[in-house]
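First the structure, in the form of structure tokens, and then the observations on it.
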Amino acid sequence: MKVVNNKQTRRSFLKSSSIASGGLILSFNWMVACKSDADEVTILQLPDEWYDFNSYLKIGNNGVVTIYSPNPEFGQNVITSMPMIVAEELDVDWEKVIVEQAPYNQDKYPGGAFGQFTGGSRGIMMKWNPLRTAGATAKQMLKNAAAKEWQVTESEITTASGIIYHKGTNKKASYGEMATLASTLPVPETPAFKSPNAYKVIGHSKRNVEARKIVTGKPLFSMDYQLEGMLYAMPIFPPAFGLTLDKITNIETLKSMPGIEDVFPVKTHNDDYKLGFFDTNAFPEFIAVVGRSTWEVMIAKKKVEASWKATKSKTAKINRFGTEITVHTPAGLENTDKHKAQMESLLSSDLKVVRRDGEPEAAFKNANKIIERHYKAPYLAHNCMEPMNTFAHVKENRVKLVGPLQAPGLIEPTISARLGIPAENIEIEMARMGGGFGRRAYSTYMVEAALISQKVNAPVKFMYSREDDMQNGIYRPTYQAIYRAALDENNKLLAIHIKAGGVPESPLFANRFPAGSIDNYLAEEFSIDSNITTGAFRAPRSNFMAGAEQSFLDELAMEMKEDPIQFRLDLLKKAKENPVGEKNDYDADRYAGVLELVREKSNWDNNDSNLNRGVSAYFCHNTYAAHVLDLQMNDGEPKVGKVTCAIDCGIVINPDAAINMAEGGIVDGIGSALYGEMTFKDGVPQKNNFHQYRMIRMHEAPAEIDVHFVKNEIDPTGLGEPPYPPLFGALANAMFKATGKRLYEQPFLKDEGLDG
């Protein structure tokens, strides 16, 4: 295949060009031309020559459309949903769309380091307009071509399923027939978008385009990657946070073991390198064991003799997406019990005030009754089913990496700086991820793999064991919060006061609900430095605050003798009609909408008295989600019977995939709330595998999950993370109904009397 490079036109966002043997390639953000897969679609003939731009929508002369999906895929099914957006505006037959994963290429995908980033539930939201524009522009060019060919007015032309029609002359043509002529026409500046009520692809469920590959075991993951002659490598990290490598004392003995090629220390970062925000690394110096098979490497790991020394405290400047921040990392071996005591001590003192409305101190001073509750949550391990791994081949001045990562544009500069190899000589192939949840945004394991390959001068498959993965971070921080409410003599709400903090960050969102609905409101926060590495975990910070907030609101509603849903709706009515403050970051109407929908779909108002039900609603990642959860206690163990879920995420692209994400978030939330916990003693993680770290089991999943979406024409917002945070409060509130006991510390089954 010959690739032809063309200069960019004045309109780099969209370009067109003729193909030697017919067909149209329309270049646009987020897509790139690809070779068609003959196993998926019958291809009449492919062009021998085509053009290379930033990214492409390719229409062959047989009408087949080929799309490369640029974003990494880890189960959210963006690899199906993004092409659906293009196909909708293009008005093409979905059965003639081929989808493939694109390799990483920052030059081809606008957006800088975030051009191919999957995280923060922002993928579809950020690419909604670019993808629609691409499809609509291509369709307009095809219609213009038909109008010119048939000598008719373009406004008389219609399209459907990849066919162009002119009713007046009864003429029709496939997109493929018009593609060559269309490619010679000017690119429309302002193509019209479809009205949502005309959608035929968007809003209609499409199966996962990788489903067949998944169920038939086709190679999709970097663990599947093979290259003749490659070596295998695994790490040995320090046994505790607060320790670093001193020396290896038996290298020669290890190298004499069967199949072992080398054992050596690896330093992940140069001393003078300014770390980026996602360069977080638990142990920047470790031991690499390299051999000819995984088994031989695992045997050798057990024989390594090394000594470790204490780290020193340090202060470093971190590049946080263009803004320099200062991070202090203390020395010492840290303990969970000490962290808890530190947080409790700070919560009893005056903290940094983040928001103040009205006169909260006076309201509490004059209150008839004060309700105060203390909430706690532990560290959590990500525990992706696929441990961290990467294939790396560093050869002279070139690098090839194949691995599961969420943010290739954020790790490439680190790889380049550490290896001393230009970024343009680094090829990153994004494999399908076996889970992400934020962990794979911190992809220093790719730097580690590249350094090992460079040292041994051979291709290497680098793998963490489950123990390496669980004990090497990156963890969800540990948090605590105190919620206080002041009531008057008539049991009416006067004020709310929130104090929240954690190790090493605060989870507080001071401008979220119930801020804006309370006349007197005070929010304070703290943070505690730590050498235990933490980072993004599904719905960062929200995954704690939602549970604390929604548990407290339920308890407050009961104290005020109000229905829990109506109590929330009344607060939201106040926030809509007479909001307090100007920084409220939620839409009270949409928030109320999910509560009203979940009340209807769960039949809340006609509740069977035998049901133990809890409700919760939360806003995060630009999306609103509410759950009603029903459960029974069986021999001290909760069994969730049904979860009714209502979500407002704007237009839903692929309903089946959207439901799958909601169901996954709900099941994940139940497991985290009931069982999830990582503790530390003298810097050592106290759990190293699933025999110790309790995960939810199949029989513990809800018997039924009923998901509903608010129907509107709002542009799509986040969906991967928003269903997760509300689950914690809904579960806690339901368990109170079942047991009469309020739960204030996660995991819930560790609370006294509920551990079976």
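Residues are named by chain letter and number: chains run A, B, ... in the order of the structure tokens, numbers start at 1 in each chain, and ligands are numbered from 1 in the order shown.
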
Nearby residues (only C-alpha atoms) at most 10 Å from Glu156 (chain A), same-chain spacing under 4 positions excluded, as a PyMOL selection string: chain A and resi 143+147+152+165-168

Residue list (strand (DSSP E or B), DSSP) for region 316-521 of chain A, as an MDAnalysis selection string: chainID A and resid 316:320 323:329 352:357 369:377 379:381 389:395 398:403 426:430 460:463 475:476 478:487 493:503 520:521

Nearest candidate to Leu569 (chain A) (options A:Leu553, A:Ala240, A:Ala173, A:Leu595; using only C-alpha atoms):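 Smallest separation from Leu569 (chain A) among the options: A:Leu595.
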
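Using only C-alpha atoms, the residues found no farther than 7 Å from Ser527 (chain A), other than those of its own chain fewer than 2 positions away, are Gly501, Gly502, Val503, Pro504, Glu505, Ser506 and Asp529 of chain A.
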
Residue contacts of Asn660 (chain A) (10 Å, only C-alpha atoms) excluding same-chain residues fewer than 3 positions away, as a VMD selection string: chain A and resid 75 to 77 655 to 657 663 to 666 707 720

All residues 10 Å or closer to Lys711 (chain A), only C-alpha atoms, same chain fewer than 4 positions away omitted, as an NGL selection string: :A and (647-652)

Selection near Leu494 (chain A), 8 Å with only C-alpha atoms, sequence-local residues under 3 positions removed, as a list of chain:residue names: A:Ala363, A:Phe364, A:Ala367, A:Ala485, A:Ala486, A:Leu487, A:Asp488, A:Ile518, A:Asp519, A:Asn520

Could the residues in this selection be written to a file with all heavy atoms, as a short mmCIF file (atom, residue, chain, number, x, y, z; two decimals), in the first residue's frame?
data_model
loop_
_atom_site.label_atom_id
_atom_site.label_comp_id
_atom_site.auth_asym_id
_atom_site.auth_seq_id
_atom_site.Cartn_x
_atom_site.Cartn_y
_atom_site.Cartn_z
N ALA A 363 -26.25 30.16 63.19
CA ALA A 363 -27.34 29.20 63.08
C ALA A 363 -27.12 28.01 64.00
O ALA A 363 -28.05 27.53 64.66
CB ALA A 363 -27.47 28.74 61.63
N PHE A 364 -25.89 27.52 64.08
CA PHE A 364 -25.61 26.40 64.97
C PHE A 364 -25.69 26.82 66.44
O PHE A 364 -26.15 26.06 67.29
CB PHE A 364 -24.24 25.80 64.66
CG PHE A 364 -24.26 24.81 63.53
CD1 PHE A 364 -23.96 25.20 62.24
CD2 PHE A 364 -24.61 23.48 63.76
CE1 PHE A 364 -23.99 24.29 61.19
CE2 PHE A 364 -24.65 22.56 62.72
CZ PHE A 364 -24.34 22.96 61.42
N ALA A 367 -29.34 26.87 67.37
CA ALA A 367 -30.12 25.69 66.99
C ALA A 367 -30.79 25.04 68.19
O ALA A 367 -30.25 25.04 69.31
CB ALA A 367 -29.22 24.68 66.29
N ALA A 485 -25.82 19.18 61.02
CA ALA A 485 -27.03 19.92 60.63
C ALA A 485 -27.63 20.58 61.86
O ALA A 485 -27.64 19.99 62.95
CB ALA A 485 -28.04 19.00 59.98
N ALA A 486 -28.10 21.80 61.69
CA ALA A 486 -28.77 22.53 62.76
C ALA A 486 -30.26 22.61 62.45
O ALA A 486 -30.66 22.98 61.34
CB ALA A 486 -28.18 23.94 62.88
N LEU A 487 -31.10 22.24 63.46
CA LEU A 487 -32.56 22.28 63.31
C LEU A 487 -33.15 23.25 64.32
O LEU A 487 -32.64 23.40 65.44
CB LEU A 487 -33.16 20.89 63.53
CG LEU A 487 -32.64 19.75 62.65
CD1 LEU A 487 -33.31 18.44 63.02
CD2 LEU A 487 -32.85 20.06 61.18
N ASP A 488 -34.25 23.92 63.92
CA ASP A 488 -34.89 24.85 64.85
C ASP A 488 -35.93 24.12 65.69
O ASP A 488 -36.06 22.89 65.63
CB ASP A 488 -35.50 26.03 64.10
CG ASP A 488 -36.66 25.64 63.20
OD1 ASP A 488 -37.15 24.50 63.30
OD2 ASP A 488 -37.08 26.48 62.37
N ILE A 518 -29.16 25.64 50.88
CA ILE A 518 -29.12 25.88 52.33
C ILE A 518 -28.72 27.34 52.57
O ILE A 518 -27.68 27.79 52.08
CB ILE A 518 -28.10 24.95 53.02
CG1 ILE A 518 -28.32 23.49 52.62
CG2 ILE A 518 -28.16 25.12 54.53
CD1 ILE A 518 -29.61 22.89 53.06
N ASP A 519 -29.52 28.06 53.33
CA ASP A 519 -29.22 29.48 53.59
C ASP A 519 -27.91 29.65 54.35
O ASP A 519 -27.15 30.58 54.07
CB ASP A 519 -30.37 30.12 54.39
CG ASP A 519 -31.63 30.29 53.56
OD1 ASP A 519 -31.50 30.48 52.33
OD2 ASP A 519 -32.73 30.22 54.13
N ASN A 520 -27.67 28.77 55.28
CA ASN A 520 -26.45 28.84 56.09
C ASN A 520 -25.65 27.56 55.86
O ASN A 520 -26.08 26.46 56.26
CB ASN A 520 -26.81 28.98 57.58
CG ASN A 520 -27.67 30.21 57.83
OD1 ASN A 520 -27.23 31.34 57.65
ND2 ASN A 520 -28.92 29.98 58.22
#

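Candidate residues A:Val92, A:Leu674, A:Ala407, A:Leu181 were compared for distance to Ala441 (chain A), and the nearest is A:Ala407, using only C-alpha atoms.
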
Atom-to-atom span, CA of Val215 (chain A) and CA of Gly434 (chain A), Å: 14.1 Å

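Neighbours of region 323-330 of chain A closer than or equal to 6 Å, with only C-alpha atoms counted and sequence neighbours fewer than 6 positions away skipped, come out as Ser313, Lys314, Thr315, Ala316, Lys317, Ser530 and Asn531 of chain A.
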
Selected residues written out, N, CA, C and O atoms, as a PDB file, in the first residue's frame:
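As written to disk, selection.pdb reads:
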ATOM      1  N   SER A 313      12.566  12.304  53.164  1.00  0.00           N
ATOM      2  CA  SER A 313      11.465  13.189  52.778  1.00  0.00           C
ATOM      3  C   SER A 313      11.926  14.080  51.631  1.00  0.00           C
ATOM      4  O   SER A 313      13.115  14.396  51.512  1.00  0.00           O
ATOM      5  N   LYS A 314      10.991  14.467  50.792  1.00  0.00           N
ATOM      6  CA  LYS A 314      11.359  15.312  49.654  1.00  0.00           C
ATOM      7  C   LYS A 314      10.197  16.196  49.256  1.00  0.00           C
ATOM      8  O   LYS A 314       9.027  15.890  49.513  1.00  0.00           O
ATOM      9  N   THR A 315      10.546  17.276  48.602  1.00  0.00           N
ATOM     10  CA  THR A 315       9.553  18.195  48.043  1.00  0.00           C
ATOM     11  C   THR A 315       9.869  18.367  46.570  1.00  0.00           C
ATOM     12  O   THR A 315      11.016  18.640  46.202  1.00  0.00           O
ATOM     13  N   ALA A 316       8.865  18.163  45.739  1.00  0.00           N
ATOM     14  CA  ALA A 316       9.093  18.205  44.289  1.00  0.00           C
ATOM     15  C   ALA A 316       8.053  19.071  43.607  1.00  0.00           C
ATOM     16  O   ALA A 316       6.927  19.232  44.087  1.00  0.00           O
ATOM     17  N   LYS A 317       8.451  19.633  42.478  1.00  0.00           N
ATOM     18  CA  LYS A 317       7.539  20.380  41.623  1.00  0.00           C
ATOM     19  C   LYS A 317       6.959  19.417  40.589  1.00  0.00           C
ATOM     20  O   LYS A 317       7.698  18.703  39.910  1.00  0.00           O
ATOM     21  N   SER A 530       1.582  12.065  52.439  1.00  0.00           N
ATOM     22  CA  SER A 530       1.858  10.653  52.642  1.00  0.00           C
ATOM     23  C   SER A 530       2.838  10.165  51.588  1.00  0.00           C
ATOM     24  O   SER A 530       2.942  10.743  50.502  1.00  0.00           O
ATOM     25  N   ASN A 531       3.558   9.083  51.892  1.00  0.00           N
ATOM     26  CA  ASN A 531       4.403   8.455  50.873  1.00  0.00           C
ATOM     27  C   ASN A 531       3.733   7.223  50.266  1.00  0.00           C
ATOM     28  O   ASN A 531       4.331   6.519  49.451  1.00  0.00           O
TER      29      ASN A 531
END

A:Tyr375, A:Ser672, A:Tyr104, A:Ala233 ranked by distance to Phe462 (chain A), top pick (using only C-alpha atoms): A:Ala233
